[in-house]
>>> print(open('work38.cif').read())   # mmCIF, C-alpha atoms and all ligand atoms
data_final
#
loop_
_atom_site.label_atom_id
_atom_site.label_comp_id
_atom_site.auth_asym_id
_atom_site.auth_seq_id
_atom_site.Cartn_x
_atom_site.Cartn_y
_atom_site.Cartn_z
CA MET A 120 34.01 3.66 -33.29
CA ALA A 121 34.69 7.40 -33.39
CA GLU A 122 31.68 7.89 -31.14
CA ASN A 123 33.07 5.42 -28.61
CA LEU A 124 36.47 7.02 -28.62
CA ASN A 125 34.56 10.23 -27.96
CA LEU A 126 32.71 8.64 -25.08
CA LEU A 127 36.02 7.71 -23.49
CA THR A 128 37.64 11.06 -24.26
CA SER A 129 34.70 13.12 -23.04
CA THR A 130 34.50 11.04 -19.83
CA GLN A 131 38.24 11.58 -19.29
CA ASN A 132 37.88 15.33 -19.95
CA VAL A 133 35.14 15.79 -17.35
CA ILE A 134 37.03 13.63 -14.82
CA LYS A 135 40.13 15.77 -15.41
CA THR A 136 38.21 19.02 -14.88
CA ALA A 137 36.50 17.57 -11.78
CA LEU A 138 39.80 16.46 -10.20
CA ASP A 139 41.43 19.82 -11.02
CA LYS A 140 38.54 21.64 -9.35
CA LEU A 141 38.86 19.38 -6.32
CA GLY A 142 42.54 20.30 -6.15
CA TYR A 143 44.02 16.86 -6.83
CA GLU A 144 47.41 16.62 -8.46
CA GLU A 145 48.01 15.19 -11.94
CA SER A 146 48.96 11.71 -10.62
CA VAL A 147 45.37 11.15 -9.41
CA TYR A 148 44.09 11.79 -12.92
CA GLU A 149 46.80 9.51 -14.33
CA LEU A 150 45.46 6.75 -12.09
CA LEU A 151 41.77 7.35 -12.84
CA LYS A 152 41.87 8.12 -16.55
CA GLU A 153 41.68 4.42 -17.51
CA PRO A 154 40.61 1.18 -15.83
CA MET A 155 43.26 -0.59 -13.72
CA ARG A 156 42.47 -3.91 -15.35
CA ILE A 157 40.87 -5.00 -18.62
CA LEU A 158 40.47 -8.64 -19.52
CA GLU A 159 39.64 -9.63 -23.09
CA VAL A 160 38.39 -13.17 -23.57
CA ARG A 161 37.39 -15.45 -26.45
CA ILE A 162 34.41 -17.69 -25.82
CA PRO A 163 33.70 -20.68 -28.07
CA VAL A 164 30.02 -21.67 -28.27
CA LYS A 165 28.60 -24.68 -30.04
CA MET A 166 25.68 -23.13 -31.94
CA ASP A 167 22.37 -24.85 -32.72
CA ASP A 168 23.52 -25.66 -36.26
CA GLY A 169 26.40 -27.74 -34.81
CA LYS A 170 29.10 -25.23 -35.78
CA THR A 171 31.30 -23.50 -33.22
CA LYS A 172 31.25 -19.73 -33.08
CA VAL A 173 33.88 -17.83 -31.11
CA PHE A 174 32.71 -14.67 -29.33
CA THR A 175 34.83 -11.87 -27.89
CA GLY A 176 34.09 -10.48 -24.43
CA PHE A 177 35.58 -7.93 -22.05
CA ARG A 178 35.59 -7.09 -18.37
CA ALA A 179 37.02 -3.75 -17.30
CA GLN A 180 37.68 -2.94 -13.64
CA HIS A 181 38.24 0.74 -13.18
CA ASN A 182 39.45 1.12 -9.61
CA ASP A 183 39.01 -0.94 -6.44
CA ALA A 184 40.39 1.50 -3.86
CA VAL A 185 36.94 2.00 -2.28
CA GLY A 186 35.90 -1.66 -2.40
CA PRO A 187 35.14 -4.46 -4.86
CA THR A 188 34.25 -3.30 -8.34
CA LYS A 189 30.67 -3.39 -9.62
CA GLY A 190 28.87 -3.04 -12.91
CA GLY A 191 26.73 -4.70 -15.54
CA ILE A 192 27.46 -6.98 -18.49
CA ARG A 193 26.01 -6.03 -21.87
CA PHE A 194 25.36 -8.29 -24.84
CA HIS A 195 25.41 -6.13 -27.95
CA PRO A 196 26.90 -6.21 -31.48
CA GLU A 197 28.51 -2.80 -30.95
CA VAL A 198 30.32 -3.63 -27.71
CA ASN A 199 34.00 -2.72 -27.92
CA ARG A 200 36.98 -2.22 -25.66
CA GLU A 201 36.82 1.59 -25.48
CA GLU A 202 33.11 1.61 -24.68
CA VAL A 203 33.54 -0.95 -21.89
CA MET A 204 36.44 1.10 -20.50
CA ALA A 205 34.42 4.33 -20.46
CA LEU A 206 31.38 2.62 -18.95
CA SER A 207 33.48 1.11 -16.14
CA MET A 208 34.57 4.65 -15.28
CA TRP A 209 30.93 5.78 -15.22
CA MET A 210 30.23 3.04 -12.71
CA THR A 211 32.92 4.45 -10.41
CA LEU A 212 31.16 7.82 -10.67
CA LYS A 213 27.68 6.37 -10.05
CA CYS A 214 28.87 4.39 -7.02
CA GLY A 215 30.63 7.49 -5.69
CA ILE A 216 27.56 9.67 -6.16
CA VAL A 217 25.25 7.34 -4.20
CA GLU A 218 28.03 6.46 -1.75
CA LEU A 219 28.23 2.71 -2.31
CA PRO A 220 31.33 0.87 -1.03
CA TYR A 221 32.36 -0.08 -4.57
CA GLY A 222 34.54 0.94 -7.48
CA GLY A 223 33.31 0.73 -11.05
CA ALA A 224 33.46 -2.13 -13.56
CA LYS A 225 31.72 -3.09 -16.80
CA GLY A 226 31.60 -6.15 -19.01
CA GLY A 227 30.41 -6.85 -22.49
CA ILE A 228 30.23 -9.50 -25.18
CA ILE A 229 30.12 -8.71 -28.88
CA CYS A 230 27.00 -10.62 -29.96
CA ASP A 231 23.39 -10.09 -30.99
CA PRO A 232 21.14 -11.94 -28.52
CA ARG A 233 18.10 -11.05 -30.69
CA GLU A 234 19.40 -13.55 -33.23
CA MET A 235 20.39 -16.30 -30.80
CA SER A 236 18.39 -19.12 -29.22
CA MET A 237 17.98 -19.38 -25.44
CA ARG A 238 20.34 -22.37 -25.45
CA GLU A 239 23.03 -20.43 -27.30
CA ILE A 240 22.65 -17.44 -24.96
CA GLU A 241 22.96 -19.77 -21.95
CA GLN A 242 26.15 -21.37 -23.30
CA LEU A 243 27.62 -17.94 -24.04
CA SER A 244 26.76 -16.67 -20.55
CA ARG A 245 28.31 -19.70 -18.87
CA GLY A 246 31.40 -19.56 -21.13
CA TYR A 247 31.91 -15.89 -20.27
CA VAL A 248 31.82 -16.63 -16.53
CA ARG A 249 34.36 -19.45 -16.93
CA ALA A 250 36.60 -17.10 -18.89
CA ILE A 251 36.53 -14.25 -16.35
CA SER A 252 36.12 -16.32 -13.16
CA GLN A 253 39.60 -15.56 -11.84
CA ILE A 254 39.08 -11.82 -11.64
CA VAL A 255 35.47 -11.72 -10.36
CA GLY A 256 33.86 -12.80 -7.08
CA PRO A 257 31.61 -11.55 -4.26
CA ASN A 258 34.48 -9.57 -2.75
CA LYS A 259 36.36 -8.74 -5.95
CA ASP A 260 34.07 -7.70 -8.76
CA ILE A 261 30.29 -8.16 -8.85
CA PRO A 262 28.52 -8.20 -12.26
CA ALA A 263 24.87 -7.31 -12.96
CA PRO A 264 22.46 -6.87 -15.91
CA ASP A 265 22.95 -4.19 -18.54
CA VAL A 266 21.85 -3.74 -22.17
CA PHE A 267 20.13 -6.93 -23.46
CA THR A 268 20.92 -9.01 -20.35
CA ASN A 269 18.34 -9.96 -17.73
CA SER A 270 17.64 -11.95 -14.56
CA GLN A 271 17.64 -15.29 -16.42
CA ILE A 272 21.15 -14.59 -17.73
CA MET A 273 22.23 -13.58 -14.22
CA ALA A 274 20.82 -16.89 -12.93
CA TRP A 275 22.89 -18.93 -15.42
CA MET A 276 26.00 -16.93 -14.57
CA PHE A 277 25.38 -17.36 -10.83
CA ASP A 278 24.95 -21.11 -11.33
CA GLU A 279 28.14 -21.40 -13.36
CA TYR A 280 30.15 -19.41 -10.83
CA SER A 281 28.76 -21.48 -7.95
CA LYS A 282 29.94 -24.63 -9.72
CA ILE A 283 33.44 -23.23 -10.14
CA ASP A 284 33.49 -21.99 -6.55
CA GLU A 285 32.00 -25.26 -5.27
CA PHE A 286 29.44 -23.51 -3.07
CA ASN A 287 26.47 -21.22 -3.55
CA SER A 288 27.72 -17.68 -4.09
CA PRO A 289 24.67 -15.44 -4.53
CA GLY A 290 26.80 -12.35 -3.76
CA PHE A 291 28.80 -12.97 -6.94
CA ILE A 292 26.19 -11.32 -9.16
CA THR A 293 23.14 -9.05 -8.75
CA GLY A 294 19.92 -8.68 -10.68
CA LYS A 295 19.09 -12.34 -10.02
CA PRO A 296 15.53 -13.72 -9.94
CA ILE A 297 14.04 -13.23 -6.45
CA VAL A 298 13.93 -16.97 -5.76
CA LEU A 299 17.74 -17.13 -6.24
CA GLY A 300 18.46 -14.25 -3.88
CA GLY A 301 17.47 -11.30 -6.04
CA SER A 302 16.18 -8.16 -4.36
CA GLN A 303 12.67 -6.82 -4.38
CA GLY A 304 12.43 -3.84 -6.68
CA ARG A 305 15.61 -4.47 -8.72
CA ASP A 306 13.71 -4.69 -12.04
CA LYS A 307 12.24 -1.22 -11.80
CA ALA A 308 15.08 0.34 -9.79
CA THR A 309 16.59 2.34 -12.64
CA ALA A 310 13.24 3.90 -13.61
CA GLN A 311 12.52 4.60 -9.97
CA GLY A 312 15.86 6.36 -9.54
CA VAL A 313 15.06 8.54 -12.55
CA THR A 314 11.63 9.29 -11.08
CA ILE A 315 13.11 10.35 -7.75
CA CYS A 316 15.45 12.73 -9.61
CA ILE A 317 12.49 14.12 -11.57
CA TYR A 318 10.60 14.81 -8.33
CA GLU A 319 13.61 16.49 -6.72
CA ALA A 320 14.30 18.60 -9.81
CA ALA A 321 10.62 19.59 -10.01
CA LYS A 322 10.75 20.74 -6.37
CA LYS A 323 13.74 22.95 -7.18
CA ARG A 324 11.81 24.52 -10.03
CA GLY A 325 8.54 24.84 -8.07
CA LEU A 326 6.79 22.48 -10.46
CA ASP A 327 3.97 20.15 -9.45
CA ILE A 328 4.33 16.70 -11.08
CA LYS A 329 0.57 16.34 -11.03
CA ASP A 330 0.00 18.72 -13.90
CA ALA A 331 3.47 18.68 -15.43
CA ARG A 332 3.78 18.08 -19.16
CA VAL A 333 6.39 15.39 -19.79
CA VAL A 334 8.12 14.16 -22.96
CA ILE A 335 9.91 10.82 -22.86
CA GLN A 336 12.22 9.80 -25.67
CA GLY A 337 12.37 6.00 -25.78
CA PHE A 338 9.80 3.43 -24.73
CA GLY A 339 12.18 0.62 -23.71
CA ASN A 340 12.68 -0.67 -20.20
CA ALA A 341 13.45 2.67 -18.52
CA GLY A 342 11.17 4.81 -20.73
CA SER A 343 8.07 2.65 -20.40
CA PHE A 344 8.36 2.08 -16.63
CA LEU A 345 8.88 5.80 -16.24
CA ALA A 346 5.90 6.73 -18.41
CA LYS A 347 3.71 4.49 -16.27
CA ILE A 348 4.99 5.84 -12.93
CA LEU A 349 4.55 9.50 -13.99
CA TYR A 350 1.20 8.85 -15.68
CA ASP A 351 -0.09 7.21 -12.48
CA ALA A 352 1.19 10.24 -10.54
CA GLY A 353 -1.05 12.48 -12.65
CA ALA A 354 1.52 13.93 -15.05
CA LYS A 355 0.53 14.54 -18.66
CA ILE A 356 2.79 12.52 -20.95
CA VAL A 357 2.53 14.68 -24.07
CA GLY A 358 5.10 12.80 -26.16
CA ILE A 359 6.82 9.42 -26.35
CA SER A 360 8.95 7.79 -29.02
CA ASP A 361 10.67 4.63 -30.15
CA ALA A 362 13.31 3.99 -32.81
CA TYR A 363 10.69 4.44 -35.59
CA GLY A 364 9.11 7.76 -34.66
CA ALA A 365 7.24 9.67 -31.99
CA LEU A 366 3.67 10.25 -30.82
CA HIS A 367 2.37 13.59 -29.61
CA ASP A 368 -0.80 14.75 -27.92
CA PRO A 369 -0.80 18.14 -26.12
CA ASN A 370 -3.66 16.86 -23.92
CA GLY A 371 -1.69 13.80 -22.81
CA LEU A 372 -1.31 10.33 -24.35
CA ASP A 373 -3.15 7.27 -23.09
CA ILE A 374 -0.13 5.52 -21.59
CA GLU A 375 -2.04 2.42 -20.39
CA TYR A 376 -3.15 1.80 -23.95
CA LEU A 377 0.32 2.36 -25.40
CA LEU A 378 1.93 0.04 -22.83
CA ASP A 379 -0.56 -2.59 -23.78
CA ARG A 380 0.34 -2.35 -27.45
CA ARG A 381 4.11 -2.10 -27.00
CA ASP A 382 6.23 -5.10 -28.06
CA SER A 383 9.07 -6.52 -25.97
CA PHE A 384 11.67 -4.32 -27.70
CA GLY A 385 9.66 -1.19 -26.88
CA THR A 386 8.17 -0.58 -30.33
CA VAL A 387 4.71 1.00 -30.47
CA THR A 388 4.71 3.96 -32.88
CA THR A 389 4.58 1.70 -35.95
CA LEU A 390 0.89 1.15 -35.14
CA PHE A 391 0.04 4.80 -35.75
CA ASP A 392 -0.16 6.99 -38.86
CA GLU A 393 0.09 10.37 -37.21
CA LYS A 394 3.67 10.52 -36.15
CA ILE A 395 6.28 13.19 -35.58
CA THR A 396 10.04 12.72 -35.80
CA ASN A 397 12.35 12.16 -32.84
CA LYS A 398 13.86 15.58 -33.56
CA GLU A 399 10.43 17.26 -33.33
CA LEU A 400 9.71 15.32 -30.14
CA LEU A 401 12.74 16.79 -28.34
CA GLU A 402 11.62 20.31 -29.21
CA LEU A 403 8.00 19.90 -28.06
CA ASP A 404 6.46 22.37 -25.66
CA CYS A 405 6.74 20.67 -22.26
CA ASP A 406 8.03 21.10 -18.68
CA ILE A 407 10.16 17.98 -18.31
CA LEU A 408 12.13 16.21 -21.03
CA VAL A 409 13.51 12.74 -20.38
CA PRO A 410 15.88 11.37 -23.01
CA ALA A 411 15.65 7.62 -22.30
CA ALA A 412 16.87 6.20 -25.60
CA ILE A 413 20.29 6.59 -27.15
CA SER A 414 23.34 8.87 -26.88
CA ASN A 415 24.01 12.24 -28.55
CA GLN A 416 20.40 13.40 -28.88
CA ILE A 417 20.69 16.92 -27.49
CA THR A 418 23.53 18.61 -29.32
CA ALA A 419 24.77 22.15 -30.05
CA GLU A 420 22.30 22.15 -32.96
CA ASN A 421 19.06 21.67 -31.03
CA ALA A 422 19.97 22.72 -27.45
CA SER A 423 18.65 26.25 -28.04
CA ASP A 424 15.29 24.85 -29.21
CA ILE A 425 14.58 22.71 -26.15
CA LYS A 426 11.45 24.11 -24.41
CA ALA A 427 11.57 22.04 -21.21
CA SER A 428 12.80 23.67 -18.00
CA ILE A 429 14.06 20.34 -16.64
CA VAL A 430 16.00 17.67 -18.58
CA VAL A 431 16.63 14.35 -16.81
CA GLU A 432 19.01 11.96 -18.58
CA ALA A 433 17.70 8.42 -18.26
CA ALA A 434 19.81 7.24 -21.23
CA ASN A 435 23.59 7.06 -21.31
CA GLY A 436 25.18 10.22 -22.71
CA PRO A 437 22.13 11.76 -24.46
CA THR A 438 23.52 15.31 -24.16
CA THR A 439 26.84 16.41 -25.66
CA SER A 440 29.21 18.63 -23.67
CA GLU A 441 28.46 21.69 -25.87
CA ALA A 442 24.73 21.12 -25.34
CA THR A 443 25.24 20.75 -21.57
CA LYS A 444 26.79 24.21 -21.63
CA ILE A 445 23.97 25.73 -23.67
CA LEU A 446 21.20 24.21 -21.53
CA THR A 447 22.88 25.35 -18.31
CA GLU A 448 23.36 28.88 -19.66
CA ARG A 449 19.67 28.94 -20.56
CA GLY A 450 18.81 28.13 -16.94
CA ILE A 451 17.52 24.64 -17.74
CA LEU A 452 18.07 22.20 -14.89
CA LEU A 453 19.95 19.22 -16.35
CA VAL A 454 20.14 16.08 -14.20
CA PRO A 455 23.07 14.07 -15.61
CA ASP A 456 23.00 10.35 -16.45
CA VAL A 457 25.54 9.34 -13.80
CA LEU A 458 23.15 10.62 -11.13
CA ALA A 459 19.76 9.89 -12.73
CA SER A 460 20.60 6.29 -13.66
CA ALA A 461 22.21 5.31 -10.34
CA GLY A 462 19.03 3.60 -9.04
CA GLY A 463 19.93 0.26 -10.65
CA VAL A 464 23.31 -0.14 -9.02
CA THR A 465 21.90 1.14 -5.72
CA VAL A 466 19.37 -1.70 -5.51
CA SER A 467 22.10 -4.07 -6.75
CA TYR A 468 24.09 -3.02 -3.70
CA PHE A 469 21.04 -3.73 -1.52
CA GLU A 470 20.81 -7.17 -3.14
CA TRP A 471 24.48 -7.88 -2.35
CA VAL A 472 24.02 -6.73 1.26
CA GLN A 473 20.97 -9.00 1.62
CA ASN A 474 22.93 -11.93 0.11
CA ASN A 475 25.81 -11.32 2.52
CA GLN A 476 23.56 -11.28 5.57
CA GLY A 477 21.14 -13.93 4.31
CA TYR A 478 18.21 -11.80 5.42
CA TYR A 479 15.79 -10.31 2.92
CA TRP A 480 13.96 -6.99 2.88
CA THR A 481 10.39 -6.13 1.96
CA PRO A 482 9.59 -4.05 -1.14
CA GLU A 483 8.78 -1.14 1.18
CA GLU A 484 12.18 -1.33 2.87
CA VAL A 485 13.97 -1.33 -0.49
CA ASP A 486 11.84 1.56 -1.66
CA GLU A 487 12.53 3.67 1.38
CA LYS A 488 16.29 3.04 1.31
CA LEU A 489 16.50 3.71 -2.44
CA THR A 490 14.60 6.97 -2.08
CA LYS A 491 16.87 8.15 0.72
CA LYS A 492 20.04 7.33 -1.25
CA LEU A 493 18.87 9.11 -4.40
CA VAL A 494 17.39 12.16 -2.64
CA ASP A 495 20.63 12.66 -0.68
CA ALA A 496 22.72 12.20 -3.82
CA PHE A 497 20.58 14.70 -5.76
CA GLU A 498 20.81 17.27 -2.96
CA ASN A 499 24.56 16.82 -2.69
CA VAL A 500 25.17 17.26 -6.44
CA TYR A 501 22.72 20.17 -6.64
CA ASN A 502 24.46 21.97 -3.77
CA VAL A 503 27.90 21.52 -5.32
CA ALA A 504 26.54 22.85 -8.64
CA THR A 505 24.90 25.92 -7.09
CA THR A 506 27.62 26.85 -4.60
CA ARG A 507 30.38 26.47 -7.19
CA ASN A 508 28.27 27.86 -10.02
CA ILE A 509 29.00 24.92 -12.31
CA ASP A 510 26.77 22.61 -14.34
CA MET A 511 25.19 19.56 -12.72
CA ARG A 512 27.31 17.17 -14.81
CA LEU A 513 30.60 18.57 -13.58
CA ALA A 514 29.20 18.67 -10.04
CA ALA A 515 28.17 15.00 -10.30
CA TYR A 516 31.62 14.04 -11.58
CA MET A 517 33.23 15.91 -8.68
CA VAL A 518 31.06 14.15 -6.12
CA GLY A 519 31.53 10.80 -7.91
CA ALA A 520 35.30 10.91 -8.37
CA ARG A 521 36.12 12.25 -4.94
CA ARG A 522 35.66 9.01 -2.96
CA THR A 523 37.88 6.98 -5.25
CA ALA A 524 40.52 9.72 -5.31
CA GLU A 525 40.46 9.96 -1.52
CA ALA A 526 40.56 6.18 -1.01
CA SER A 527 43.46 5.87 -3.47
CA ARG A 528 45.31 8.57 -1.52
CA PHE A 529 44.73 6.90 1.86
CA ARG A 530 45.96 3.60 0.45
CA GLY A 531 49.13 5.34 -0.66
CA TRP A 532 48.60 4.68 -4.37
CA VAL A 533 49.02 8.31 -5.34
N1 LIG B 601 24.09 -1.93 -15.54
C1 LIG B 601 23.55 -1.04 -14.58
C2 LIG B 601 24.29 0.27 -14.61
O1 LIG B 601 24.99 0.52 -15.54
C3 LIG B 601 23.53 -1.66 -13.20
C4 LIG B 601 24.85 -2.05 -12.65
C5 LIG B 601 24.71 -2.83 -11.38
O2 LIG B 601 23.60 -3.06 -10.96
O3 LIG B 601 25.76 -3.22 -10.83
O4 LIG B 601 24.16 1.09 -13.76
#
>>> encode(input="work38.cif", output="structure tokens")
Amino acid sequence: MAENLNLLTSTQNVIKTALDKLGYEESVYELLKEPMRILEVRIPVKMDDGKTKVFTGFRAQHNDAVGPTKGGIRFHPEVNREEVMALSMWMTLKCGIVELPYGGAKGGIICDPREMSMREIEQLSRGYVRAISQIVGPNKDIPAPDVFTNSQIMAWMFDEYSKIDEFNSPGFITGKPIVLGGSQGRDKATAQGVTICIYEAAKKRGLDIKDARVVIQGFGNAGSFLAKILYDAGAKIVGISDAYGALHDPNGLDIEYLLDRRDSFGTVTTLFDEKITNKELLELDCDILVPAAISNQITAENASDIKASIVVEAANGPTTSEATKILTERGILLVPDVLASAGGVTVSYFEWVQNNQGYYWTPEEVDEKLTKKLVDAFENVYNVATTRNIDMRLAAYMVGARRTAEASRFRGWV
């Protein structure tokens, strides 16, 4: 809980500093410091044992001055109101950074899908949509996948919403299976966005990806896709980890083999005896470090021991604010989460555009458009950071918050 309050407070602090630097008055911060709307719902589900269990869910809509709100829905036992609030604000920042015509939103249900049957998950997904149906819609608020939700869950939610709406509404939700109007490339979009940021950062540091030594913390969806993409590009992945430990080989790990042995939750290190700890992994000698697991991994305690010259945050909030300061002072190029993880929502936007026009793009078209969006966003944030002599996180927040602040001003809200 304390950590989540921190997540909200630290997000608010950076937004405040960003708006101050941009010269906005206090009222803009007052408007943006919390979501405009938060709905809390109770969802009864008849479980497989015949008993009814009542779940709690949330949907937070941060600000819709720019356009409809957008953001994923997570199914997790630790979901709570403050976390959903903070994450909806991050979505505003991400959409602002990649210039999507959206504000931010986030949803969540307190549950553990790992302990539920497919039927129970389906009932919960449909119940959630019924409960929030009045505040969502293709032109109001567009959900998507997030932690422990996937294209099947999106399909059930889309179906439920279409029943309520009485016609097919593919633009209501993104991250759908391709056959139901999903976009090419949505599944690997987040990892691809991180990869594009890695390439751009490497260019800035004069580093060739081909021989770069990379450490990836986490072997889940983002981490494993990323390991594969960089491995295929000729990088040496010298360390990877999961929740149980880390593997290290200074000559490069055999990623194909590890991917083959990985289970669906991203566990692989349990198969090996020679392991190092996650702490040791972060401090390994390498060029690029990608924290792709959980929050608060690089802190004031270990920031001085990081050897990488580039850190790209594929996880949410892996670096504390003190650590951000230390890394920046040490000349390490830190690409913040709100920029590095914006690939997912970018392809979600492409999916929504394709749904609206009823005309679908090839994988190559999606790829090209995603690359352009992310490269431009990286350049923009990097330029703000260098010209203003501030860290990349603050620069990203400035770029991200500006559109919503401006739109709110034009609308006469502040
Ligand atoms: N849940 C993802 C995120 O947090 C994707 C959101 C979306 O596609 O709308 O960025």
>>> residues_near_ligand(input="work38.cif", ligand="ligand LIG 601 (chain B)", cutoff="9 Å", atoms="all atoms listed in the file", output="MDAnalysis selection string")
chainID A and resid 188:193 206:207 209:210 213:214 223:225 261:266 292:294 305 309 435 457 460:468
>>> residues_around(input="work38.cif", residues="Asp139 of chain A", least_positions_apart="5", cutoff="12 Å", atoms="all atoms listed in the file", output="PyMOL selection string")
chain A and resi 132-134+144-148+513+516-517+520-521+524
>>> closest_residue(input="work38.cif", among="A:Ala346, A:Leu243, A:Val500, A:Ala515", to="Ala310 of chain A", atoms="all atoms listed in the file")
A:Ala346
>>> atom_distance(input="work38.cif", atom1="atom CA of Glu525 of chain A", atom2="atom CA of Leu219 of chain A")
14.2 Å
>>> atom_distance(input="work38.cif", atom1="atom CA of Cys230 of chain A", atom2="atom CA of Arg200 of chain A")
13.7 Å
>>> closest_atom_pairs(input="work38.cif", of="segment 181-299 of chain A", to="segment 481-493 of chain A", cutoff="10 Å", atoms="all atoms listed in the file", output="tab-separated table")
residue	atom	partner	partner_atom	distance
A:Ile216	CA	A:Leu493	CA	8.9
A:Val217	CA	A:Lys492	CA	6.0
A:Glu218	CA	A:Lys492	CA	8.1
A:Leu219	CA	A:Lys492	CA	9.5
>>> build_atoms(input="work38.cif", residues="segment 212-224 of chain A", atoms="N, CA, C and O atoms", output="mmCIF file, in the coordinates of the input")
data_model
loop_
_atom_site.group_PDB
_atom_site.id
_atom_site.type_symbol
_atom_site.label_atom_id
_atom_site.label_comp_id
_atom_site.auth_asym_id
_atom_site.auth_seq_id
_atom_site.Cartn_x
_atom_site.Cartn_y
_atom_site.Cartn_z
ATOM 1 N N LEU A 212 31.831 6.547 -10.976
ATOM 2 C CA LEU A 212 31.160 7.820 -10.670
ATOM 3 C C LEU A 212 29.805 7.573 -10.015
ATOM 4 O O LEU A 212 29.468 8.173 -8.989
ATOM 5 N N LYS A 213 29.013 6.653 -10.613
ATOM 6 C CA LYS A 213 27.680 6.370 -10.050
ATOM 7 C C LYS A 213 27.805 5.888 -8.610
ATOM 8 O O LYS A 213 27.078 6.338 -7.727
ATOM 9 N N CYS A 214 28.722 4.935 -8.373
ATOM 10 C CA CYS A 214 28.870 4.390 -7.020
ATOM 11 C C CYS A 214 29.322 5.483 -6.058
ATOM 12 O O CYS A 214 28.898 5.518 -4.902
ATOM 13 N N GLY A 215 30.171 6.380 -6.530
ATOM 14 C CA GLY A 215 30.630 7.490 -5.690
ATOM 15 C C GLY A 215 29.493 8.444 -5.361
ATOM 16 O O GLY A 215 29.356 8.908 -4.229
ATOM 17 N N ILE A 216 28.654 8.721 -6.347
ATOM 18 C CA ILE A 216 27.560 9.670 -6.160
ATOM 19 C C ILE A 216 26.543 9.169 -5.121
ATOM 20 O O ILE A 216 26.057 9.925 -4.296
ATOM 21 N N VAL A 217 26.223 7.864 -5.171
ATOM 22 C CA VAL A 217 25.250 7.340 -4.200
ATOM 23 C C VAL A 217 25.939 6.691 -2.982
ATOM 24 O O VAL A 217 25.303 6.028 -2.171
ATOM 25 N N GLU A 218 27.241 6.911 -2.896
ATOM 26 C CA GLU A 218 28.030 6.460 -1.750
ATOM 27 C C GLU A 218 27.911 4.963 -1.477
ATOM 28 O O GLU A 218 27.554 4.533 -0.376
ATOM 29 N N LEU A 219 28.195 4.161 -2.493
ATOM 30 C CA LEU A 219 28.230 2.710 -2.310
ATOM 31 C C LEU A 219 29.693 2.307 -2.099
ATOM 32 O O LEU A 219 30.584 2.943 -2.666
ATOM 33 N N PRO A 220 29.940 1.246 -1.318
ATOM 34 C CA PRO A 220 31.330 0.870 -1.030
ATOM 35 C C PRO A 220 31.970 0.078 -2.169
ATOM 36 O O PRO A 220 32.519 -1.012 -1.979
ATOM 37 N N TYR A 221 31.880 0.610 -3.369
ATOM 38 C CA TYR A 221 32.360 -0.080 -4.570
ATOM 39 C C TYR A 221 33.165 0.850 -5.464
ATOM 40 O O TYR A 221 32.982 2.067 -5.437
ATOM 41 N N GLY A 222 33.982 0.235 -6.325
ATOM 42 C CA GLY A 222 34.540 0.940 -7.480
ATOM 43 C C GLY A 222 33.748 0.515 -8.700
ATOM 44 O O GLY A 222 32.833 -0.310 -8.597
ATOM 45 N N GLY A 223 34.095 1.036 -9.854
ATOM 46 C CA GLY A 223 33.310 0.730 -11.050
ATOM 47 C C GLY A 223 33.907 -0.381 -11.900
ATOM 48 O O GLY A 223 35.114 -0.586 -11.925
ATOM 49 N N ALA A 224 33.025 -1.109 -12.594
ATOM 50 C CA ALA A 224 33.460 -2.130 -13.560
ATOM 51 C C ALA A 224 32.405 -2.203 -14.665
ATOM 52 O O ALA A 224 31.302 -1.666 -14.516
#
